[in-house]
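**Q** Have a look at this one before I ask anything.
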Amino acid sequence: MENIPPTRHAEPAPRGVRGRVLVVDDDPTVAEVVVGYLHRAGYAVEQADDGPAALRMFAAHRPDLVVLDLMLPAMDGFEVCRRMRAHGPVPVIMLTARGDEEDRVLGLETGADDYVTKPFSPRELVLRVDSVLRRARVAPPPADAAPLSGGGLVLDPASRQAHRDGRGIALTLREFDLLAFLLRHPGKAFGREELMRDVWGWDFGDPSTVTVHIRRLRGKVETDPARPRLIRTVWGVGYRLDVEPAVEGAESVRAPGDLPAPSHGGRPR
């Protein structure tokens with residue numbers, strides 16, 4: 001198994017260069033196109049064709065962002081991402097031919113910041129690189145942010161701990177951020193596109209990813225996930241957190257996963 005030696009912090013990019021990007025893909029055609037577009041967009045780019053080579057390059061010259069293919073020989077992109085993120089935060093955009101929602105969510109929970117399904121537009125990928133780097137360079141929220149509470153939930157943004165009725169619950173990074181956002185805006189309905197933008201800062205992406213996160217979050221915070229009382233579906237809009245008991249019959253809520261496909265305007269599934 002390949003291990004990462006002690007990793008240096010990202011070195012400042014040369015003058016006139018927008019940032020350093022490591023592209024990891026074993027398909028030479030895809031790699032050539034991606035590297036070419038990123039070069040023309042003003043980035044300094046290195047390229048690796050498998051996981052062990054990527055980890056060596058990552059350790060030698062810490063990049064500002066990694067474009068990482070999921071299906072790699074010897075070591076898949078999930079494992080490469082885990083090992084990179086274990087040595088400090090680095091923005092990661094995953095490339096994959098898989099279109100399954102659970103795979104997308106697994107990639108994001110592994111530490112990826114965005115997820116692009118092949119085939120993709122190289123121009124769109126460059127825009128996503130721009131967007132992820134812009135978000136990564138924004139100052140993080142203050143560590144002394146006050147705890148959030150409501151509906152039996154207590155979240156501490158400083159320690160990243162969550163409790164439900166006094167019992168700890170294990171939330172992923174994006175689940176925590178999503179629940180914290182909803183607790184800051186109780187009783188207000190948000191569309192999936194709004195949540196993507198306002199919670200995670202995504203200018204692009206598949207809104208169904210939000211649906212999967214909501215379903216997984218309900219499984220952790222609801223007494224009966226099939227009949228959610230906290231995270232409610234608002235038909236034609238999106239989702240809302242109710243911190244007070246909901247009135248029976250006030251709205252129809254189906255079990256997660258049984259929601260209809262979205263129409264324009266961010267209707268949830």
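Ligands are numbered from 1 in the order shown, chains are lettered A, B, ... in the order of the structure tokens, and residues start at 1 in each chain.
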If we count only C-alpha atoms and set the cut-off at 12 Å, which residues sit around Arg216 of chain A, ignoring sequence neighbours fewer than 2 positions away in its own chain? Please answer as a PDB file with C-alpha atoms, in the first residue's frame.

**A**
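Ended up saving to around-v6.pdb:
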ATOM      1  CA  GLU A 102     -24.822   6.876  -3.952  1.00  0.00           C
ATOM      2  CA  VAL A 105     -22.476  11.079  -2.395  1.00  0.00           C
ATOM      3  CA  LEU A 106     -19.723   8.640  -1.356  1.00  0.00           C
ATOM      4  CA  GLU A 109     -18.329  12.336   1.787  1.00  0.00           C
ATOM      5  CA  ALA A 170     -22.336  10.986  13.674  1.00  0.00           C
ATOM      6  CA  LEU A 171     -22.699  13.382  10.742  1.00  0.00           C
ATOM      7  CA  THR A 172     -20.512  13.722   7.685  1.00  0.00           C
ATOM      8  CA  ARG A 174     -21.829  17.982   4.378  1.00  0.00           C
ATOM      9  CA  GLU A 175     -24.592  16.547   6.533  1.00  0.00           C
ATOM     10  CA  PHE A 176     -23.407  18.728   9.407  1.00  0.00           C
ATOM     11  CA  LEU A 178     -26.714  21.149   5.803  1.00  0.00           C
ATOM     12  CA  LEU A 179     -28.316  20.603   9.215  1.00  0.00           C
ATOM     13  CA  THR A 209     -27.198  14.998  -4.517  1.00  0.00           C
ATOM     14  CA  VAL A 210     -29.151  17.205  -2.097  1.00  0.00           C
ATOM     15  CA  THR A 211     -31.996  14.665  -2.131  1.00  0.00           C
ATOM     16  CA  VAL A 212     -29.618  11.884  -1.110  1.00  0.00           C
ATOM     17  CA  HIS A 213     -28.094  13.980   1.670  1.00  0.00           C
ATOM     18  CA  ILE A 214     -31.559  14.838   2.989  1.00  0.00           C
ATOM     19  CA  ARG A 218     -33.324  12.051   8.046  1.00  0.00           C
ATOM     20  CA  GLY A 219     -32.107   8.546   8.838  1.00  0.00           C
ATOM     21  CA  LYS A 220     -29.931  10.025  11.594  1.00  0.00           C
ATOM     22  CA  VAL A 221     -32.126  12.727  13.131  1.00  0.00           C
ATOM     23  CA  GLU A 222     -35.714  11.558  12.660  1.00  0.00           C
ATOM     24  CA  PRO A 225     -37.392   8.526   8.814  1.00  0.00           C
ATOM     25  CA  ALA A 226     -40.360   7.213   6.818  1.00  0.00           C
ATOM     26  CA  PRO A 228     -40.220  12.834   8.974  1.00  0.00           C
ATOM     27  CA  ILE A 231     -36.950  17.868   7.922  1.00  0.00           C
ATOM     28  CA  ALA A 255     -40.871   8.378   2.759  1.00  0.00           C
ATOM     29  CA  PRO A 256     -37.452   9.510   1.492  1.00  0.00           C
ATOM     30  CA  GLY A 257     -36.729   8.031  -1.900  1.00  0.00           C
TER      31      GLY A 257
END

**Q** Neighbours of Glu124 of chain A within 12 Å (only C-alpha atoms; same-chain residues fewer than 2 positions away dropped), as a PyMOL selection string?

**A** chain A and resi 34+37-38+41+115-122+126-131+203-205

**Q** Give me, as a PyMOL selection string, the residues of segment 34-251 of chain A that a backbone DSSP run labels alpha helix (DSSP H).

**A** chain A and resi 34-40+51-60+77-85+101-110+122-136+173-184+192-200+208-221

**Q** Report as an MDAnalysis selection string all protein, DNA and RNA residues lying within 12 Å of Leu155 of chain A, evaluated on only C-alpha atoms, omitting residues in the same chain fewer than 4 positions from it.

**A** chainID A and resid 145:151 159:171 175:184 221

**Q** Can you pull out every residue within 7 Å of segment 73-85 of chain A, counting only C-alpha atoms, but drop anything in the same chain fewer than 2 positions away, and send it as a ChimeraX atom specification?

**A** /A:50-51,68-71,87-90,107,110-111

**Q** Those same residues, written as an mmCIF file, in the first residue's frame with N, CA and C atoms?

**A**
data_model
loop_
_atom_site.group_PDB
_atom_site.id
_atom_site.type_symbol
_atom_site.label_atom_id
_atom_site.label_comp_id
_atom_site.auth_asym_id
_atom_site.auth_seq_id
_atom_site.Cartn_x
_atom_site.Cartn_y
_atom_site.Cartn_z
ATOM 1 N N ASP A 50 -1.968 7.149 -12.150
ATOM 2 C CA ASP A 50 -2.466 6.166 -11.181
ATOM 3 C C ASP A 50 -2.355 6.747 -9.775
ATOM 4 N N GLY A 51 -2.935 6.021 -8.802
ATOM 5 C CA GLY A 51 -2.975 6.519 -7.441
ATOM 6 C C GLY A 51 -1.620 6.697 -6.788
ATOM 7 N N LEU A 68 -9.489 14.423 -9.910
ATOM 8 C CA LEU A 68 -9.191 13.025 -9.609
ATOM 9 C C LEU A 68 -10.207 12.083 -10.239
ATOM 10 N N ASP A 69 -9.739 11.181 -11.113
ATOM 11 C CA ASP A 69 -10.606 10.164 -11.701
ATOM 12 C C ASP A 69 -10.912 9.096 -10.646
ATOM 13 N N LEU A 70 -12.152 8.624 -10.627
ATOM 14 C CA LEU A 70 -12.547 7.615 -9.645
ATOM 15 C C LEU A 70 -12.015 6.231 -9.999
ATOM 16 N N MET A 71 -12.080 5.867 -11.278
ATOM 17 C CA MET A 71 -11.696 4.518 -11.712
ATOM 18 C C MET A 71 -10.237 4.509 -12.140
ATOM 19 N N HIS A 87 -3.977 14.067 5.214
ATOM 20 C CA HIS A 87 -2.784 14.883 5.440
ATOM 21 C C HIS A 87 -3.073 16.371 5.312
ATOM 22 N N GLY A 88 -4.347 16.742 5.397
ATOM 23 C CA GLY A 88 -4.690 18.151 5.360
ATOM 24 C C GLY A 88 -5.692 18.444 4.265
ATOM 25 N N PRO A 89 -6.403 19.550 4.419
ATOM 26 C CA PRO A 89 -7.439 19.885 3.430
ATOM 27 C C PRO A 89 -6.845 20.259 2.082
ATOM 28 N N VAL A 90 -7.434 19.725 1.040
ATOM 29 C CA VAL A 90 -7.097 20.117 -0.321
ATOM 30 C C VAL A 90 -8.365 19.951 -1.158
ATOM 31 N N GLY A 107 -18.383 9.861 -2.960
ATOM 32 C CA GLY A 107 -17.241 10.680 -3.351
ATOM 33 C C GLY A 107 -17.188 11.987 -2.578
ATOM 34 N N THR A 110 -16.250 11.335 1.027
ATOM 35 C CA THR A 110 -14.850 10.976 1.147
ATOM 36 C C THR A 110 -13.981 12.229 1.244
ATOM 37 N N GLY A 111 -14.504 13.332 0.797
ATOM 38 C CA GLY A 111 -13.756 14.580 0.888
ATOM 39 C C GLY A 111 -13.741 15.372 -0.395
#

**Q** Report, in Å to a single decimal, how far apart atom CA of Asp49 of chain A and atom CA of Asp26 of chain A are.

**A** 4.2 Å

**Q** Go ahead and compute the interatomic distance for atom CA of Asp64 of chain A and atom CA of Ala31 of chain A, in Å to one decimal.

**A**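 One can read the atom CA of Asp64 of chain A to atom CA of Ala31 of chain A distance as 17.9 Å.
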
**Q** Find the distance between atom CA of Val17 of chain A and atom CA of Ala44 of chain A and write it in Å to one decimal.

**A** 6.4 Å

**Q** Would you please work out which residue, of A:Gln47, A:Ser208, A:Thr233, A:Thr223, is nearest to Asp25 of chain A when using only C-alpha atoms?

**A**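 For Asp25 of chain A, the nearest of the candidates is A:Gln47.
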
**Q** Residues of segment 121-225 of chain A classed as strand (DSSP E or B) by DSSP on the backbone are to be reported as a ChimeraX atom specification.

**A** /A:148-150,153-156,161-164,167-169,189-190
